[in-house]
Amino acid sequence: VIGGDIAPEKLAREDIERIRENVFLGGYMGSLVANDHYGAMVTAELLDAVASKAVDYYAALPDAASADEQSKRSVALTNIGDVMYWQGDLTGALEKYQAALAIRQRLAATDPTSARWQREVSVSHEKVGNVVRDQGDAMAALAEYRASLVIREALAAIPTEDPTPTSETRQQDLLVGHALVGDVLLAQGDTAGALAEHQISLTIAQLLAAKHPTD
């Protein structure tokens with residue numbers, strides 16, 4: 001991670017090359033410290049080509065690739081989908097997110113006890129939902145958000161011996177899931193349904209805040 005001023009003109013060439021190398025070798029996009037939309041666009045500008053290279057690399061693997069390699073491919077697809085989403089290419093982002101979702105669903109089906117893979121499926125449903133929402137298809141978005149929420153509710157209800165994701169992460173996922181469903185219901189005019197979802201989200205937020213009163 002590179003902190004401070006991340007405007008392209010302020011980054012040294014070796015910093016840019018280090019970002020690209022770490023991203024590709026690590027199988028993920030990495031992150032730049034930024035608190036605004038401009039920072040996100042800088043991330044997209046720097047990492048677009050690298051993400052494409054990663055997708056091509058994992059796409060060339062045989063169908064019998066290990067679960068770990070398949071998981072990395074889903075991460076690469078998700079990351080380039082993120083770049084496309086930031087750049088406003090909703091059609092391209094949707095294609096990548098759906099491809100990642102399909103991989104994660106296959107992985108989750110091979111080991112239904114894996115909380116990690118179940119959560120990754122829920123994240124992919126959320127990302128697909130974000131795109132179709134922005135494309136104006138509220139019904140499709142609601143279906144994706146609810147599919148994500150069902151998984152998150154199931155994960156939150158089981159013991160957390162598996163540390164990935166943690167109990168707190170599961171609660172945070174629930175908070176977001178209920179809020180997203182509530183937002184769509186509100187946009188559709190279902191104020192009662194939206195209120196119920198946001199009240200659940202608020203309750204979770206209050207419980208999390210009570211655990212971290214200084215945050």
# chains A, B, ... in the order shown; residues from 1 in each chain; ligands from 1
>>> closest_atom_pairs(of="segment 125-178 of chain A", to="segment 61-83 of chain A", cutoff="12 Å", atoms="only C-alpha atoms", output="JSON lines")
{"residue": "A:His125", "atom": "CA", "partner": "A:Thr78", "partner_atom": "CA", "distance": 11.3}
{"residue": "A:Glu126", "atom": "CA", "partner": "A:Thr78", "partner_atom": "CA", "distance": 11.6}
{"residue": "A:Lys127", "atom": "CA", "partner": "A:Thr78", "partner_atom": "CA", "distance": 8.7}
{"residue": "A:Val128", "atom": "CA", "partner": "A:Gly81", "partner_atom": "CA", "distance": 9.8}
{"residue": "A:Asn130", "atom": "CA", "partner": "A:Asp82", "partner_atom": "CA", "distance": 10.9}
{"residue": "A:Val131", "atom": "CA", "partner": "A:Gly81", "partner_atom": "CA", "distance": 10.0}
>>> write_last_selection(atoms="all heavy atoms", output="PDB file, in the first residue's frame")
ATOM      1  N   HIS A 125     -22.551 -11.766  -5.546  1.00  0.00           N
ATOM      2  CA  HIS A 125     -23.961 -11.409  -5.741  1.00  0.00           C
ATOM      3  C   HIS A 125     -24.163  -9.908  -5.510  1.00  0.00           C
ATOM      4  O   HIS A 125     -24.894  -9.246  -6.261  1.00  0.00           O
ATOM      5  CB  HIS A 125     -24.856 -12.199  -4.781  1.00  0.00           C
ATOM      6  CG  HIS A 125     -25.240 -13.555  -5.268  1.00  0.00           C
ATOM      7  ND1 HIS A 125     -25.934 -13.754  -6.443  1.00  0.00           N
ATOM      8  CD2 HIS A 125     -25.047 -14.795  -4.724  1.00  0.00           C
ATOM      9  CE1 HIS A 125     -26.154 -15.054  -6.612  1.00  0.00           C
ATOM     10  NE2 HIS A 125     -25.622 -15.700  -5.601  1.00  0.00           N
ATOM     11  N   GLU A 126     -23.510  -9.381  -4.490  1.00  0.00           N
ATOM     12  CA  GLU A 126     -23.652  -7.953  -4.195  1.00  0.00           C
ATOM     13  C   GLU A 126     -23.116  -7.097  -5.339  1.00  0.00           C
ATOM     14  O   GLU A 126     -23.744  -6.106  -5.745  1.00  0.00           O
ATOM     15  CB  GLU A 126     -22.913  -7.607  -2.904  1.00  0.00           C
ATOM     16  CG  GLU A 126     -22.989  -6.129  -2.532  1.00  0.00           C
ATOM     17  CD  GLU A 126     -22.193  -5.798  -1.296  1.00  0.00           C
ATOM     18  OE1 GLU A 126     -22.299  -6.546  -0.301  1.00  0.00           O
ATOM     19  OE2 GLU A 126     -21.455  -4.796  -1.322  1.00  0.00           O
ATOM     20  N   LYS A 127     -21.967  -7.472  -5.874  1.00  0.00           N
ATOM     21  CA  LYS A 127     -21.373  -6.699  -6.954  1.00  0.00           C
ATOM     22  C   LYS A 127     -22.238  -6.751  -8.215  1.00  0.00           C
ATOM     23  O   LYS A 127     -22.415  -5.734  -8.901  1.00  0.00           O
ATOM     24  CB  LYS A 127     -19.945  -7.174  -7.225  1.00  0.00           C
ATOM     25  CG  LYS A 127     -18.954  -6.765  -6.139  1.00  0.00           C
ATOM     26  CD  LYS A 127     -17.563  -7.239  -6.434  1.00  0.00           C
ATOM     27  CE  LYS A 127     -16.580  -6.774  -5.361  1.00  0.00           C
ATOM     28  NZ  LYS A 127     -16.356  -5.313  -5.386  1.00  0.00           N
ATOM     29  N   VAL A 128     -22.753  -7.929  -8.541  1.00  0.00           N
ATOM     30  CA  VAL A 128     -23.670  -8.033  -9.669  1.00  0.00           C
ATOM     31  C   VAL A 128     -24.890  -7.150  -9.421  1.00  0.00           C
ATOM     32  O   VAL A 128     -25.361  -6.432 -10.313  1.00  0.00           O
ATOM     33  CB  VAL A 128     -24.095  -9.493  -9.909  1.00  0.00           C
ATOM     34  CG1 VAL A 128     -25.216  -9.571 -10.949  1.00  0.00           C
ATOM     35  CG2 VAL A 128     -22.898 -10.328 -10.380  1.00  0.00           C
ATOM     36  N   ASN A 130     -25.066  -4.444  -7.640  1.00  0.00           N
ATOM     37  CA  ASN A 130     -24.719  -3.028  -7.807  1.00  0.00           C
ATOM     38  C   ASN A 130     -24.775  -2.604  -9.277  1.00  0.00           C
ATOM     39  O   ASN A 130     -25.246  -1.510  -9.607  1.00  0.00           O
ATOM     40  CB  ASN A 130     -23.316  -2.766  -7.255  1.00  0.00           C
ATOM     41  CG  ASN A 130     -23.247  -2.881  -5.748  1.00  0.00           C
ATOM     42  OD1 ASN A 130     -24.262  -2.811  -5.057  1.00  0.00           O
ATOM     43  ND2 ASN A 130     -22.054  -3.065  -5.233  1.00  0.00           N
ATOM     44  N   VAL A 131     -24.269  -3.471 -10.159  1.00  0.00           N
ATOM     45  CA  VAL A 131     -24.245  -3.123 -11.579  1.00  0.00           C
ATOM     46  C   VAL A 131     -25.657  -3.062 -12.160  1.00  0.00           C
ATOM     47  O   VAL A 131     -26.024  -2.082 -12.823  1.00  0.00           O
ATOM     48  CB  VAL A 131     -23.390  -4.120 -12.383  1.00  0.00           C
ATOM     49  CG1 VAL A 131     -23.483  -3.811 -13.876  1.00  0.00           C
ATOM     50  CG2 VAL A 131     -21.935  -4.064 -11.935  1.00  0.00           C
TER      51      VAL A 131
END
>>> closest_residue(among="A:Val123, A:Arg116, A:Leu202, A:Gln87", to="Leu101 of chain A", atoms="only C-alpha atoms")
A:Val123
>>> residues_around(residues="Gly177 of chain A", least_positions_apart="2", cutoff="12 Å", atoms="only C-alpha atoms", output="number ranges by chain")
A: 119, 122-123, 125-127, 129-130, 141-153, 170-175, 179-184, 197-198, 200-202, 204
>>> atom_distance(atom1="atom CA of Ala140 of chain A", atom2="atom CA of Trp117 of chain A")
22.8 Å
>>> atom_distance(atom1="atom CA of Leu208 of chain A", atom2="atom CA of Ala157 of chain A")
16.3 Å
>>> closest_residue(among="A:Leu185, A:Ser114, A:Glu168, A:Ala196", to="His212 of chain A", atoms="only C-alpha atoms")
A:Glu168
>>> atom_distance(atom1="atom CA of Pro213 of chain A", atom2="atom CA of Thr169 of chain A")
17.2 Å
>>> closest_residue(among="A:Ala194, A:Ile158, A:Val121, A:Ala115", to="Ala99 of chain A", atoms="only C-alpha atoms")
A:Val121
